[in-house]
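Below is one structure, written out as C-alpha cells; the observations come after it.
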Amino acid sequence: MKLIVGLGNPGLEYVWTRHNLGFQVIDCLANKLGLKLGREKFRGLYTTSTYLSQKIILLKPLTYMNNSGECIRDFINYFQISIEDTLVIYDDLSLPLESFRYRSRGSSGGHNGIKNIIECLKTQKFLRLKIGIGSKQEVLWKD
C-alpha cells in the first residue's frame, strides 16, 4: 500500500494560500482519479483506491501543518504502511516558483511540517516532493 500525503492547513482562510499547495495537489489527484476525500480518521481527511494494481491512500492531515507527523504516523501504523512507501508533498520557499524537487530522504530544510514528521516517524527516510513557491514577489496565491 502507498500513502500519498499533501501538507496544508485546514480551514477556509487557508484554502488558497501558497502553503496549502500540498492539499491542492491531493485534491487534484483525487479529482483526476474520480475520488472524493470524504473519510476522516486520526485527524486526517482521506480516501482509498487502487491505481495500476496498487492500493493507495490519499491523505490531507487536519492537524495543521506543524503537527502533520502525528496524523501520518497514525495512518502508517494503522494501515501497516512502510515508511518507504510514503510520499509527502509540500511547498518549498527556497525553490523557484513552479519547480519541483524529489528526495528520498533528508533534513527538514527548515520546514516545520517536515520537522514534525521526522520527529514522529523517527526517521528522515521518507519520500518527498517539494514544489517551489518562490519568494513573495513571485507568488500567484494570496498570503
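In the C-alpha cells, chains take the letters A, B, ... in the order shown, each chain's residues start at 1, and ligands count up from 1 in the order shown.
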Determine, counting only C-alpha atoms, which protein, DNA and RNA residues have an atom within 7 Å of an atom of segment 96-101 of chain A; residues of the same chain fewer than 2 positions away are not included. Present the result as a PyMOL selection string.
chain A and resi 94+103+129-134+138
How would the residues just picked look written out with N, CA and C atoms as a short mmCIF file (atom, residue, chain, number, x, y, z; two decimals), in the first residue's frame?
data_model
loop_
_atom_site.label_atom_id
_atom_site.label_comp_id
_atom_site.auth_asym_id
_atom_site.auth_seq_id
_atom_site.Cartn_x
_atom_site.Cartn_y
_atom_site.Cartn_z
N SER A 94 12.32 27.90 -0.86
CA SER A 94 13.67 28.05 -1.42
C SER A 94 13.75 27.63 -2.89
N ARG A 103 13.00 13.96 -3.35
CA ARG A 103 14.03 13.44 -2.47
C ARG A 103 13.53 12.17 -1.80
N LEU A 129 8.12 15.23 -2.24
CA LEU A 129 8.02 16.01 -3.47
C LEU A 129 7.81 17.45 -3.04
N LYS A 130 8.86 18.24 -3.22
CA LYS A 130 8.80 19.65 -2.86
C LYS A 130 8.43 20.45 -4.10
N ILE A 131 7.48 21.35 -3.93
CA ILE A 131 7.03 22.20 -5.03
C ILE A 131 7.38 23.64 -4.70
N GLY A 132 8.11 24.26 -5.61
CA GLY A 132 8.58 25.62 -5.38
C GLY A 132 7.47 26.65 -5.41
N ILE A 133 7.46 27.47 -4.36
CA ILE A 133 6.51 28.58 -4.32
C ILE A 133 7.25 29.92 -4.40
N GLY A 134 8.57 29.86 -4.43
CA GLY A 134 9.38 31.06 -4.61
C GLY A 134 9.18 32.11 -3.53
N GLU A 138 7.11 36.45 -6.34
CA GLU A 138 6.78 35.56 -7.45
C GLU A 138 5.42 34.90 -7.35
#
Report as a ChimeraX atom specification: the residues of segment 24-101 of chain A with a DSSP assignment of strand (DSSP E or B), based on the backbone of this structure.
/A:39-41,44-51,54-61,86-92,100-101
Considering only C-alpha atoms, state which residue in the set A:Arg73, A:His111, A:Arg128, A:Lys55 is at the smallest distance from His19 of chain A.
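Answer, going by the shortest atom-to-atom distance: A:His111.
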Check the DSSP output for the backbone and give back, as a PyMOL selection string, the residues of segment 43-119 of chain A in helix (DSSP H, G or I).
chain A and resi 65-79+83-85+112-119
Close residues, Ile117 of chain A itself excluded, 10 Å, only C-alpha atoms, min 6 positions apart in chain, as a PDB file with N, CA and C atoms, in the first residue's frame:
ATOM      1  N   MET A  65      -0.311  22.187   9.642  1.00  0.00           N
ATOM      2  CA  MET A  65       0.970  21.829   9.027  1.00  0.00           C
ATOM      3  C   MET A  65       2.014  21.374  10.048  1.00  0.00           C
ATOM      4  N   ASN A  66       2.182  22.133  11.120  1.00  0.00           N
ATOM      5  CA  ASN A  66       3.276  21.881  12.060  1.00  0.00           C
ATOM      6  C   ASN A  66       3.102  20.628  12.905  1.00  0.00           C
ATOM      7  N   ASN A  67       1.943  19.984  12.825  1.00  0.00           N
ATOM      8  CA  ASN A  67       1.704  18.742  13.568  1.00  0.00           C
ATOM      9  C   ASN A  67       1.312  17.590  12.636  1.00  0.00           C
ATOM     10  N   SER A  68       1.656  17.701  11.377  1.00  0.00           N
ATOM     11  CA  SER A  68       1.277  16.705  10.376  1.00  0.00           C
ATOM     12  C   SER A  68       1.807  15.314  10.696  1.00  0.00           C
ATOM     13  N   GLY A  69       2.947  15.231  11.332  1.00  0.00           N
ATOM     14  CA  GLY A  69       3.575  13.952  11.628  1.00  0.00           C
ATOM     15  C   GLY A  69       2.719  13.042  12.484  1.00  0.00           C
ATOM     16  N   GLU A  70       1.930  13.625  13.380  1.00  0.00           N
ATOM     17  CA  GLU A  70       1.087  12.820  14.262  1.00  0.00           C
ATOM     18  C   GLU A  70       0.065  12.030  13.451  1.00  0.00           C
ATOM     19  N   CYS A  71      -0.599  12.696  12.535  1.00  0.00           N
ATOM     20  CA  CYS A  71      -1.597  12.051  11.681  1.00  0.00           C
ATOM     21  C   CYS A  71      -0.939  11.005  10.782  1.00  0.00           C
ATOM     22  N   ILE A  72       0.174  11.364  10.159  1.00  0.00           N
ATOM     23  CA  ILE A  72       0.870  10.451   9.246  1.00  0.00           C
ATOM     24  C   ILE A  72       1.337   9.202   9.986  1.00  0.00           C
ATOM     25  N   ARG A  73       1.917   9.376  11.168  1.00  0.00           N
ATOM     26  CA  ARG A  73       2.370   8.235  11.973  1.00  0.00           C
ATOM     27  C   ARG A  73       1.213   7.291  12.277  1.00  0.00           C
ATOM     28  N   VAL A  88       5.365  12.491   0.759  1.00  0.00           N
ATOM     29  CA  VAL A  88       4.841  13.731   1.327  1.00  0.00           C
ATOM     30  C   VAL A  88       5.056  14.845   0.308  1.00  0.00           C
ATOM     31  N   SER A 108      14.819  18.533   7.463  1.00  0.00           N
ATOM     32  CA  SER A 108      13.583  19.291   7.283  1.00  0.00           C
ATOM     33  C   SER A 108      13.798  20.512   6.399  1.00  0.00           C
ATOM     34  N   THR A 123      12.594   9.076  11.687  1.00  0.00           N
ATOM     35  CA  THR A 123      13.469   8.841  10.540  1.00  0.00           C
ATOM     36  C   THR A 123      13.342   9.995   9.551  1.00  0.00           C
ATOM     37  N   GLN A 124      14.393  10.171   8.762  1.00  0.00           N
ATOM     38  CA  GLN A 124      14.374  11.137   7.665  1.00  0.00           C
ATOM     39  C   GLN A 124      14.171  10.425   6.331  1.00  0.00           C
ATOM     40  N   PHE A 126      11.886   9.142   4.166  1.00  0.00           N
ATOM     41  CA  PHE A 126      10.587   9.038   3.514  1.00  0.00           C
ATOM     42  C   PHE A 126      10.624   9.914   2.267  1.00  0.00           C
TER      43      PHE A 126
END
Nearest to Gly38 of chain A by atom-to-atom distance, counting only C-alpha atoms, from A:Tyr64, A:Lys115, A:Leu58, A:Gly6
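Closest candidate: A:Leu58.
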Hey, what's within 9 Å of segment 7-17 of chain A if we count only C-alpha atoms and toss same-chain stuff fewer than 4 positions away? As a list in words, please?
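Neighbouring residues, sequence-local ones excluded: Leu21, Gly22, Phe23, Gln24, Ile26, Leu59, Lys60, Pro61, Leu62, Thr63, Tyr64, Met65, Asn66, Ser68, Val88, Ile89, Tyr90, Asp91, Gly113, Trp141, Lys142 and Asp143 of chain A.
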Please, what distance in Å, to one decimal, runs between atom CA of Thr47 of chain A and atom CA of Ile4 of chain A?
10.3 Å
Quick one: residues within 9 Å of Lys2 of chain A, only C-alpha atoms counted, chain neighbours fewer than 6 positions away excluded, as a VMD selection string?
chain A and resid 54 to 58 81 to 82 84 to 87
Output file for the selection above: all heavy atoms, as a tab-separated table (two decimals), in the first residue's frame:
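Saved result, again.tsv, follows:
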chain	number	residue	atom	x	y	z
A	54	GLN	N	-2.16	-1.14	-7.54
A	54	GLN	CA	-1.52	-0.80	-6.26
A	54	GLN	C	-2.54	-0.07	-5.38
A	54	GLN	O	-3.15	0.90	-5.82
A	54	GLN	CB	-0.31	0.11	-6.51
A	54	GLN	CG	0.43	0.54	-5.27
A	54	GLN	CD	1.14	-0.62	-4.60
A	54	GLN	OE1	1.95	-1.28	-5.22
A	54	GLN	NE2	0.85	-0.84	-3.35
A	55	LYS	N	-2.71	-0.54	-4.15
A	55	LYS	CA	-3.59	0.15	-3.21
A	55	LYS	C	-2.94	1.46	-2.79
A	55	LYS	O	-1.74	1.50	-2.49
A	55	LYS	CB	-3.86	-0.71	-1.99
A	55	LYS	CG	-4.72	-1.91	-2.29
A	55	LYS	CD	-5.02	-2.69	-1.03
A	55	LYS	CE	-5.87	-3.90	-1.36
A	55	LYS	NZ	-6.18	-4.69	-0.17
A	56	ILE	N	-3.73	2.53	-2.78
A	56	ILE	CA	-3.22	3.84	-2.38
A	56	ILE	C	-4.18	4.51	-1.39
A	56	ILE	O	-5.37	4.22	-1.38
A	56	ILE	CB	-3.01	4.79	-3.58
A	56	ILE	CG1	-4.34	5.06	-4.31
A	56	ILE	CG2	-1.97	4.25	-4.54
A	56	ILE	CD1	-4.30	6.20	-5.31
A	57	ILE	N	-3.59	5.38	-0.59
A	57	ILE	CA	-4.36	6.26	0.29
A	57	ILE	C	-3.91	7.67	-0.04
A	57	ILE	O	-2.70	7.96	-0.06
A	57	ILE	CB	-4.10	5.98	1.78
A	57	ILE	CG1	-4.57	4.59	2.16
A	57	ILE	CG2	-4.79	7.04	2.65
A	57	ILE	CD1	-4.24	4.21	3.60
A	58	LEU	N	-4.86	8.56	-0.30
A	58	LEU	CA	-4.59	9.99	-0.44
A	58	LEU	C	-5.01	10.63	0.88
A	58	LEU	O	-6.13	10.39	1.36
A	58	LEU	CB	-5.38	10.60	-1.59
A	58	LEU	CG	-5.14	10.03	-2.98
A	58	LEU	CD1	-6.03	10.74	-4.01
A	58	LEU	CD2	-3.69	10.12	-3.38
A	81	ILE	N	1.66	0.55	6.72
A	81	ILE	CA	2.32	1.05	5.52
A	81	ILE	C	3.80	1.24	5.82
A	81	ILE	O	4.17	1.80	6.85
A	81	ILE	CB	1.70	2.39	5.07
A	81	ILE	CG1	0.21	2.20	4.79
A	81	ILE	CG2	2.42	2.94	3.84
A	81	ILE	CD1	-0.56	3.50	4.65
A	82	SER	N	4.64	0.81	4.93
A	82	SER	CA	6.07	1.03	5.08
A	82	SER	C	6.37	2.52	4.94
A	82	SER	O	5.79	3.20	4.08
A	82	SER	CB	6.81	0.24	4.00
A	82	SER	OG	8.15	0.64	3.95
A	84	GLU	N	8.90	3.76	3.69
A	84	GLU	CA	9.47	3.92	2.35
A	84	GLU	C	8.39	4.03	1.27
A	84	GLU	O	8.66	4.44	0.15
A	84	GLU	CB	10.42	2.78	2.01
A	84	GLU	CG	11.70	2.78	2.83
A	84	GLU	CD	11.52	2.16	4.23
A	84	GLU	OE1	10.51	1.44	4.46
A	84	GLU	OE2	12.36	2.42	5.09
A	85	ASP	N	7.14	3.65	1.60
A	85	ASP	CA	6.02	3.75	0.67
A	85	ASP	C	5.16	4.97	0.95
A	85	ASP	O	4.00	5.03	0.54
A	85	ASP	CB	5.16	2.48	0.74
A	85	ASP	CG	5.85	1.28	0.12
A	85	ASP	OD1	6.66	1.48	-0.80
A	85	ASP	OD2	5.58	0.15	0.57
A	86	THR	N	5.72	5.94	1.64
A	86	THR	CA	5.02	7.17	1.99
A	86	THR	C	5.64	8.33	1.23
A	86	THR	O	6.86	8.54	1.29
A	86	THR	CB	5.11	7.42	3.51
A	86	THR	OG1	4.54	6.29	4.19
A	86	THR	CG2	4.40	8.69	3.91
A	87	LEU	N	4.81	9.08	0.52
A	87	LEU	CA	5.24	10.27	-0.21
A	87	LEU	C	4.56	11.49	0.39
A	87	LEU	O	3.34	11.51	0.53
A	87	LEU	CB	4.87	10.16	-1.70
A	87	LEU	CG	5.08	11.42	-2.55
A	87	LEU	CD1	6.56	11.76	-2.67
A	87	LEU	CD2	4.45	11.25	-3.92
